[in-house]
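Enquirer: What follows is start01.tsv, made up of TSV, C-alpha atoms:
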chain	number	residue	atom	x	y	z
A	1	MET	CA	163.00	76.73	53.58
A	2	GLN	CA	161.96	75.44	57.00
A	3	ASN	CA	158.44	74.06	57.46
A	4	LYS	CA	156.45	76.49	59.63
A	5	SER	CA	155.12	73.58	61.68
A	6	THR	CA	158.55	73.11	63.28
A	7	LYS	CA	158.84	76.64	64.66
A	8	VAL	CA	158.99	77.16	68.42
A	9	TYR	CA	157.47	79.90	70.55
A	10	LEU	CA	157.86	81.69	73.84
A	11	SER	CA	154.90	83.95	74.52
A	12	PHE	CA	155.13	86.57	77.25
A	13	GLY	CA	152.07	88.24	78.72
A	14	ARG	CA	151.92	91.05	81.19
A	15	HIS	CA	149.38	90.73	84.00
A	16	GLY	CA	145.99	92.39	83.67
A	17	ARG	CA	145.01	95.80	85.00
A	18	TYR	CA	144.74	96.17	88.78
A	19	GLY	CA	141.23	95.63	90.12
A	20	SER	CA	139.65	97.53	92.99
A	21	ASP	CA	138.10	94.48	94.68
A	22	THR	CA	139.86	91.73	92.71
A	23	ALA	CA	143.51	91.16	91.76
A	24	ILE	CA	142.77	92.30	88.18
A	25	GLU	CA	139.79	94.09	86.65
A	26	ARG	CA	136.96	91.86	85.50
A	27	MET	CA	137.41	92.99	81.89
A	28	SER	CA	141.09	91.99	82.20
A	29	MET	CA	139.85	88.51	83.16
A	30	LEU	CA	137.86	88.36	79.91
A	31	ASP	CA	140.80	89.75	77.95
A	32	ALA	CA	143.17	87.13	79.42
A	33	PHE	CA	140.72	84.35	78.50
A	34	TYR	CA	140.10	85.70	75.01
A	35	SER	CA	143.78	86.27	74.21
A	36	GLY	CA	144.53	82.77	75.47
A	37	ARG	CA	141.93	81.38	73.08
A	38	GLN	CA	143.45	83.35	70.22
A	39	LEU	CA	146.94	82.05	71.06
A	40	ALA	CA	145.57	78.50	71.18
A	41	GLU	CA	144.04	78.90	67.73
A	42	THR	CA	147.24	80.29	66.22
A	43	LEU	CA	150.25	78.73	67.97
A	44	PRO	CA	151.12	75.12	68.80
A	45	PRO	CA	149.60	73.80	72.05
A	46	CYS	CA	151.00	75.43	75.16
A	47	VAL	CA	153.12	72.98	77.17
A	48	THR	CA	153.35	75.00	80.38
A	49	ILE	CA	152.39	78.43	81.66
A	50	PHE	CA	154.99	79.89	84.00
A	51	TYR	CA	153.81	82.76	86.17
A	52	SER	CA	154.79	85.18	88.91
A	53	PRO	CA	153.41	84.49	92.41
A	54	VAL	CA	152.03	88.05	92.67
A	55	PRO	CA	148.17	87.93	92.86
A	56	ARG	CA	147.55	89.97	89.68
A	57	ALA	CA	149.80	87.60	87.70
A	58	VAL	CA	148.19	84.54	89.30
A	59	GLN	CA	144.70	85.70	88.36
A	60	THR	CA	145.76	86.63	84.83
A	61	MET	CA	147.37	83.18	84.47
A	62	GLN	CA	144.17	81.43	85.59
A	63	PHE	CA	142.06	83.07	82.89
A	64	ARG	CA	144.73	82.87	80.18
A	65	ARG	CA	145.26	79.20	81.02
A	66	LEU	CA	141.55	78.54	80.62
A	67	GLY	CA	141.60	80.17	77.18
A	68	LEU	CA	144.80	78.39	76.15
A	69	GLY	CA	143.57	75.01	77.35
A	70	CYS	CA	146.99	74.52	78.93
A	71	CYS	CA	147.05	71.73	81.51
A	72	ARG	CA	150.24	72.70	83.34
A	73	ALA	CA	150.95	75.90	85.26
A	74	VAL	CA	154.05	76.50	87.38
A	75	VAL	CA	154.66	79.46	89.67
A	76	ARG	CA	158.22	80.83	89.46
A	77	PRO	CA	159.99	83.44	91.61
A	78	GLU	CA	162.19	84.28	88.58
A	79	LEU	CA	159.15	86.06	87.12
A	80	GLU	CA	158.81	88.52	90.02
A	81	GLU	CA	159.68	92.15	89.36
A	82	SER	CA	162.61	92.10	91.78
A	83	ALA	CA	164.37	89.09	90.24
A	84	PRO	CA	167.87	89.95	88.96
A	85	THR	CA	168.41	90.01	85.20
A	86	PHE	CA	170.99	87.20	85.28
A	87	THR	CA	168.61	84.94	87.25
A	88	ILE	CA	165.70	85.59	84.88
A	89	ARG	CA	167.75	84.99	81.74
A	90	ARG	CA	169.47	81.87	83.11
A	91	TRP	CA	166.11	80.38	84.12
A	92	ARG	CA	164.48	81.22	80.76
A	93	ASP	CA	167.44	79.61	78.99
A	94	SER	CA	167.04	76.46	81.10
A	95	ILE	CA	163.41	76.18	79.91
A	96	VAL	CA	164.60	76.38	76.32
A	97	GLN	CA	167.52	73.97	76.84
A	98	ASN	CA	165.30	71.38	78.50
A	99	ALA	CA	162.41	71.53	76.03
A	100	GLU	CA	161.60	68.02	74.88
A	101	ALA	CA	160.91	66.87	71.33
A	102	GLY	CA	157.45	68.00	70.35
A	103	GLU	CA	157.30	70.83	72.89
A	104	ARG	CA	156.93	74.00	70.86
A	105	HIS	CA	155.24	76.66	73.00
A	106	PHE	CA	155.68	77.95	76.54
A	107	HIS	CA	153.75	80.93	77.93
A	108	PHE	CA	154.85	83.32	80.69
A	109	VAL	CA	152.73	85.72	82.77
A	110	THR	CA	154.89	88.35	84.40
A	111	HIS	CA	155.59	92.07	84.95
A	112	LEU	CA	157.02	94.91	82.86
A	113	PRO	CA	160.43	94.97	84.65
A	114	VAL	CA	160.92	91.26	83.82
A	115	LEU	CA	160.12	91.91	80.16
A	116	GLU	CA	162.60	94.79	80.14
A	117	LYS	CA	165.30	92.56	81.67
A	118	LEU	CA	164.71	90.07	78.87
A	119	GLY	CA	165.05	92.81	76.25
A	120	LEU	CA	161.43	92.46	75.15
A	121	PRO	CA	159.10	95.30	74.16
A	122	ASP	CA	157.30	97.41	76.75
A	123	LEU	CA	153.81	95.98	77.04
A	124	ASP	CA	150.64	97.52	78.37
A	125	ALA	CA	148.82	95.64	81.12
A	126	GLY	CA	147.40	92.43	79.68
A	127	SER	CA	149.37	92.65	76.42
A	128	ILE	CA	151.40	89.82	74.90
A	129	CYS	CA	154.49	89.47	72.73
A	130	ILE	CA	155.67	86.36	70.91
A	131	CYS	CA	159.23	85.18	70.33
A	132	GLU	CA	159.33	82.84	67.31
A	133	ALA	CA	162.37	80.83	66.23
A	134	ASP	CA	163.07	78.00	63.80
A	135	ASN	CA	164.07	75.69	66.67
A	136	TRP	CA	165.07	75.77	70.34
A	137	GLN	CA	168.77	76.16	69.51
A	138	GLU	CA	167.98	79.34	67.58
A	139	MET	CA	165.76	80.52	70.46
A	140	LEU	CA	168.62	79.94	72.91
A	141	ALA	CA	170.95	81.96	70.66
A	142	GLU	CA	168.28	84.71	70.69
A	143	ASN	CA	167.85	84.36	66.93
A	144	TYR	CA	164.13	84.89	67.09
A	145	GLU	CA	161.54	87.28	65.74
A	146	VAL	CA	159.59	89.28	68.30
A	147	ARG	CA	156.10	90.40	67.46
A	148	LEU	CA	153.36	92.03	69.42
A	149	TRP	CA	150.15	90.08	69.74
A	150	PRO	CA	147.08	92.05	68.60
A	151	LYS	CA	145.16	93.60	71.47
A	152	THR	CA	141.63	92.41	72.12
A	153	SER	CA	139.22	94.98	70.77
A	154	PRO	CA	136.27	96.30	72.80
A	155	GLU	CA	134.00	94.72	70.16
A	156	GLU	CA	135.54	91.29	70.76
A	157	LEU	CA	135.05	91.67	74.50
A	158	GLN	CA	131.44	92.74	73.92
A	159	LYS	CA	130.84	89.61	71.79
A	160	LEU	CA	132.34	87.51	74.58
A	161	LEU	CA	129.98	89.11	77.10
A	162	GLN	CA	127.07	88.29	74.78
A	163	LYS	CA	128.20	84.64	74.58
A	164	MET	CA	128.36	84.63	78.37
A	165	LYS	CA	124.81	86.07	78.40
A	166	ILE	CA	125.72	88.85	80.79
A	167	THR	CA	125.98	92.63	80.64
A	168	PRO	CA	128.98	94.70	81.74
A	169	GLU	CA	126.93	95.84	84.73
A	170	THR	CA	126.11	92.25	85.73
A	171	MET	CA	129.73	91.27	85.30
A	172	GLU	CA	130.84	93.85	87.87
A	173	ARG	CA	128.72	92.02	90.46
A	174	LEU	CA	130.29	88.62	89.75
A	175	ASN	CA	133.28	87.30	91.62
A	176	PRO	CA	136.28	85.82	89.75
A	177	ASP	CA	135.17	82.23	90.41
A	178	ASP	CA	131.76	82.94	88.83
A	179	ILE	CA	133.39	84.52	85.79
A	180	TYR	CA	135.80	81.59	85.47
A	181	ARG	CA	132.94	79.09	85.72
A	182	ILE	CA	130.89	80.88	83.05
A	183	LEU	CA	133.89	81.15	80.69
A	184	GLY	CA	134.71	77.48	81.29
A	185	GLY	CA	131.20	76.57	80.12
A	186	LEU	CA	131.59	78.27	76.73
A	187	SER	CA	132.08	75.96	73.79
Any chance you could put this one into structure tokens?

Expert:
Amino acid sequence: MQNKSTKVYLSFGRHGRYGSDTAIERMSMLDAFYSGRQLAETLPPCVTIFYSPVPRAVQTMQFRRLGLGCCRAVVRPELEESAPTFTIRRWRDSIVQNAEAGERHFHFVTHLPVLEKLGLPDLDAGSICICEADNWQEMLAENYEVRLWPKTSPEELQKLLQKMKITPETMERLNPDDIYRILGGLS
């Protein structure tokens, strides 16, 4: 039986919900941060976050990256909704083929059509799925298990607001940079 510590992961997250005066809703910012923290506590360290250049994906990536503690983020046109299936799959395969020894987790922030083109489950805005394989060769052969990441509960978001020492009403008056700064200061 293979040691669990050698498994590899591709995690795919859909961007947060559209905001009225921001790229994504403020609660989606908290959700992206919180889910990133949960991923960081459960999976191996994230090597790179790849993300779509569309503003809602960029903003989701920023907050998820903060939660993940991932140092490297790379914008990719292959993660745009209009990218052809062949292009998306070929690019994803190149990530897997070029993974170096010790690299075990890459995260992607993208759109529902991209997930569909990869044959992954339909995700709600802000949701995540994980592809887990025994090694990168198995991942490349698409011999992986797909599982949905648990959604952040309203109670978990409320606890996060309490840690931030703000109310939902106060949060609606903050800009994304303020929210990012406050989240970055949490231990």

Enquirer: Compare A:Thr42, A:Asn135, A:Gln162, A:Asn98 by their minimum atom-to-atom distance to Thr6 of chain A, counting only C-alpha atoms, and give me the closest one.

Expert: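 Closest to Thr6 of chain A, using only C-alpha atoms: A:Asn135.
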
Enquirer: Tell me which of A:Leu183, A:His105, A:Leu112, A:Lys165 sits closest to Leu66 of chain A, counting only C-alpha atoms.

Expert: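 Looking at the shortest contact to Leu66 of chain A, the residue is A:Leu183.
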
Enquirer: What lies within 7 Å of segment 27-38 of chain A using all atoms listed in the file, ignoring chain neighbours under 6 positions off, as a PyMOL selection string?

Expert: chain A and resi 16-17+60+63-68+126+152+157

Enquirer: At what distance in Å, to one decimal, does atom CA of Arg14 of chain A lie from atom CA of Ile128 of chain A?

Expert: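 Pair atom CA of Ile128 of chain A / atom CA of Arg14 of chain A returns 6.4 Å.
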
Enquirer: Have a look at A:Arg26, A:Leu123, A:Met164, A:Val47 and name the one nearest to Lys151 of chain A; count all atoms listed in the file.

Expert: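 Ranked by minimum distance to Lys151 of chain A, first place goes to A:Leu123.
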
Enquirer: Within 12 Å of Arg147 of chain A, counting only C-alpha atoms, which residues show up once you throw out same-chain ones fewer than 6 positions away? Write them as a list in words, please.

Expert: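 Listing them by chain and then by number gives Tyr9, Leu10, Ser11, Phe12, Leu120, Pro121, Asp122, Leu123, Ser127, Ile128, Cys129, Ile130, Cys131, Glu132 and Ala133 of chain A.
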
Enquirer: Enclose the full set of atoms of segment 155-171 of chain A listed in the file within a box whose edges lie along x, y and z, apply 3 Å of padding to each of the six sides, and report centre and edge lengths in Å to one decimal as AutoDock Vina command-line options.

Expert:
--center_x 130.2 --center_y 90.2 --center_z 77.9 --size_x 16.7 --size_y 17.2 --size_z 21.6

Enquirer: With all atoms listed in the file as the atoms that count, which of A:Gly69, A:Lys117, A:Gly102, A:Lys163 lies nearest to Leu186 of chain A?

Expert: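 Nearest to Leu186 of chain A: A:Lys163.
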
Enquirer: One number please: atom CA of Tyr18 of chain A to atom CA of Leu79 of chain A, in Å, one decimal.

Expert: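 It comes out at 17.7 Å.
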
Enquirer: Atom CA of Asp93 of chain A and atom CA of Glu145 of chain A are how many Å apart?

Expert: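 Separating atom CA of Asp93 of chain A from atom CA of Glu145 of chain A is a distance of 16.4 Å.
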
Enquirer: Which residues, written as a list in words, have at least one atom at most 12 Å from Trp91 of chain A, with all atoms listed in the file counted and residues fewer than 4 positions away on the same chain left out?

Expert: Phe50, Arg76, Pro77, Glu78, Leu79, Ala83, Pro84, Thr85, Phe86, Thr87, Ile95, Val96, Gln97, Asn98, Leu118 and Leu140 of chain A

Enquirer: Complete the atom set of segment 46-57 of chain A to all heavy atoms and return it as an mmCIF file, in the coordinates of the input.

Expert:
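Result file follows (selection_7.cif):
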data_model
loop_
_atom_site.group_PDB
_atom_site.id
_atom_site.type_symbol
_atom_site.label_atom_id
_atom_site.label_comp_id
_atom_site.auth_asym_id
_atom_site.auth_seq_id
_atom_site.Cartn_x
_atom_site.Cartn_y
_atom_site.Cartn_z
ATOM 1 N N CYS A 46 150.145 74.952 74.076
ATOM 2 C CA CYS A 46 151.000 75.430 75.160
ATOM 3 C C CYS A 46 151.353 74.248 76.062
ATOM 4 O O CYS A 46 150.474 73.525 76.521
ATOM 5 C CB CYS A 46 150.273 76.508 75.960
ATOM 6 S SG CYS A 46 151.200 77.129 77.360
ATOM 7 N N VAL A 47 152.643 74.065 76.315
ATOM 8 C CA VAL A 47 153.120 72.980 77.170
ATOM 9 C C VAL A 47 152.927 73.354 78.629
ATOM 10 O O VAL A 47 152.385 72.586 79.423
ATOM 11 C CB VAL A 47 154.607 72.670 76.884
ATOM 12 C CG1 VAL A 47 155.124 71.596 77.825
ATOM 13 C CG2 VAL A 47 154.809 72.288 75.434
ATOM 14 N N THR A 48 153.387 74.545 78.990
ATOM 15 C CA THR A 48 153.350 75.000 80.380
ATOM 16 C C THR A 48 153.195 76.517 80.389
ATOM 17 O O THR A 48 153.775 77.210 79.555
ATOM 18 C CB THR A 48 154.664 74.651 81.124
ATOM 19 O OG1 THR A 48 154.889 73.251 81.025
ATOM 20 C CG2 THR A 48 154.611 75.045 82.586
ATOM 21 N N ILE A 49 152.438 77.002 81.369
ATOM 22 C CA ILE A 49 152.390 78.430 81.660
ATOM 23 C C ILE A 49 153.213 78.633 82.924
ATOM 24 O O ILE A 49 152.961 77.981 83.943
ATOM 25 C CB ILE A 49 150.966 78.945 81.912
ATOM 26 C CG1 ILE A 49 150.109 78.787 80.671
ATOM 27 C CG2 ILE A 49 150.995 80.402 82.375
ATOM 28 C CD1 ILE A 49 148.674 79.230 80.869
ATOM 29 N N PHE A 50 154.198 79.504 82.844
ATOM 30 C CA PHE A 50 154.990 79.890 84.000
ATOM 31 C C PHE A 50 154.505 81.272 84.428
ATOM 32 O O PHE A 50 154.271 82.136 83.578
ATOM 33 C CB PHE A 50 156.478 79.945 83.639
ATOM 34 C CG PHE A 50 157.029 78.623 83.203
ATOM 35 C CD1 PHE A 50 157.197 78.331 81.856
ATOM 36 C CD2 PHE A 50 157.379 77.660 84.136
ATOM 37 C CE1 PHE A 50 157.709 77.108 81.445
ATOM 38 C CE2 PHE A 50 157.886 76.434 83.734
ATOM 39 C CZ PHE A 50 158.049 76.158 82.389
ATOM 40 N N TYR A 51 154.372 81.497 85.732
ATOM 41 C CA TYR A 51 153.810 82.760 86.170
ATOM 42 C C TYR A 51 154.402 83.234 87.495
ATOM 43 O O TYR A 51 154.885 82.441 88.295
ATOM 44 C CB TYR A 51 152.285 82.667 86.272
ATOM 45 C CG TYR A 51 151.790 81.659 87.299
ATOM 46 C CD1 TYR A 51 151.392 82.064 88.567
ATOM 47 C CD2 TYR A 51 151.733 80.307 86.994
ATOM 48 C CE1 TYR A 51 150.939 81.155 89.503
ATOM 49 C CE2 TYR A 51 151.280 79.390 87.916
ATOM 50 C CZ TYR A 51 150.887 79.816 89.180
ATOM 51 O OH TYR A 51 150.449 78.910 90.109
ATOM 52 N N SER A 52 154.337 84.524 87.686
ATOM 53 C CA SER A 52 154.790 85.180 88.910
ATOM 54 C C SER A 52 153.809 84.852 90.041
ATOM 55 O O SER A 52 152.614 84.717 89.806
ATOM 56 C CB SER A 52 154.838 86.687 88.680
ATOM 57 O OG SER A 52 154.889 87.385 89.898
ATOM 58 N N PRO A 53 154.302 84.770 91.287
ATOM 59 C CA PRO A 53 153.410 84.490 92.410
ATOM 60 C C PRO A 53 152.575 85.686 92.872
ATOM 61 O O PRO A 53 151.732 85.548 93.757
ATOM 62 C CB PRO A 53 154.371 84.033 93.516
ATOM 63 C CG PRO A 53 155.671 84.676 93.183
ATOM 64 C CD PRO A 53 155.719 84.760 91.677
ATOM 65 N N VAL A 54 152.772 86.844 92.282
ATOM 66 C CA VAL A 54 152.030 88.050 92.670
ATOM 67 C C VAL A 54 150.560 87.864 92.260
ATOM 68 O O VAL A 54 150.285 87.410 91.143
ATOM 69 C CB VAL A 54 152.671 89.294 92.022
ATOM 70 C CG1 VAL A 54 151.875 90.542 92.302
ATOM 71 C CG2 VAL A 54 154.103 89.444 92.511
ATOM 72 N N PRO A 55 149.593 88.204 93.136
ATOM 73 C CA PRO A 55 148.170 87.930 92.860
ATOM 74 C C PRO A 55 147.657 88.373 91.491
ATOM 75 O O PRO A 55 146.897 87.639 90.863
ATOM 76 C CB PRO A 55 147.448 88.661 93.998
ATOM 77 C CG PRO A 55 148.423 88.619 95.137
ATOM 78 C CD PRO A 55 149.775 88.790 94.483
ATOM 79 N N ARG A 56 148.066 89.526 90.984
ATOM 80 C CA ARG A 56 147.550 89.970 89.680
ATOM 81 C C ARG A 56 148.064 89.082 88.545
ATOM 82 O O ARG A 56 147.370 88.856 87.566
ATOM 83 C CB ARG A 56 147.855 91.444 89.443
ATOM 84 C CG ARG A 56 149.302 91.818 89.438
ATOM 85 C CD ARG A 56 149.487 93.344 89.451
ATOM 86 N NE ARG A 56 150.884 93.694 89.469
ATOM 87 C CZ ARG A 56 151.635 93.795 90.555
ATOM 88 N NH1 ARG A 56 151.111 93.570 91.737
ATOM 89 N NH2 ARG A 56 152.900 94.132 90.470
ATOM 90 N N ALA A 57 149.282 88.538 88.696
ATOM 91 C CA ALA A 57 149.800 87.600 87.700
ATOM 92 C C ALA A 57 149.120 86.237 87.845
ATOM 93 O O ALA A 57 148.813 85.584 86.843
ATOM 94 C CB ALA A 57 151.314 87.462 87.834
#
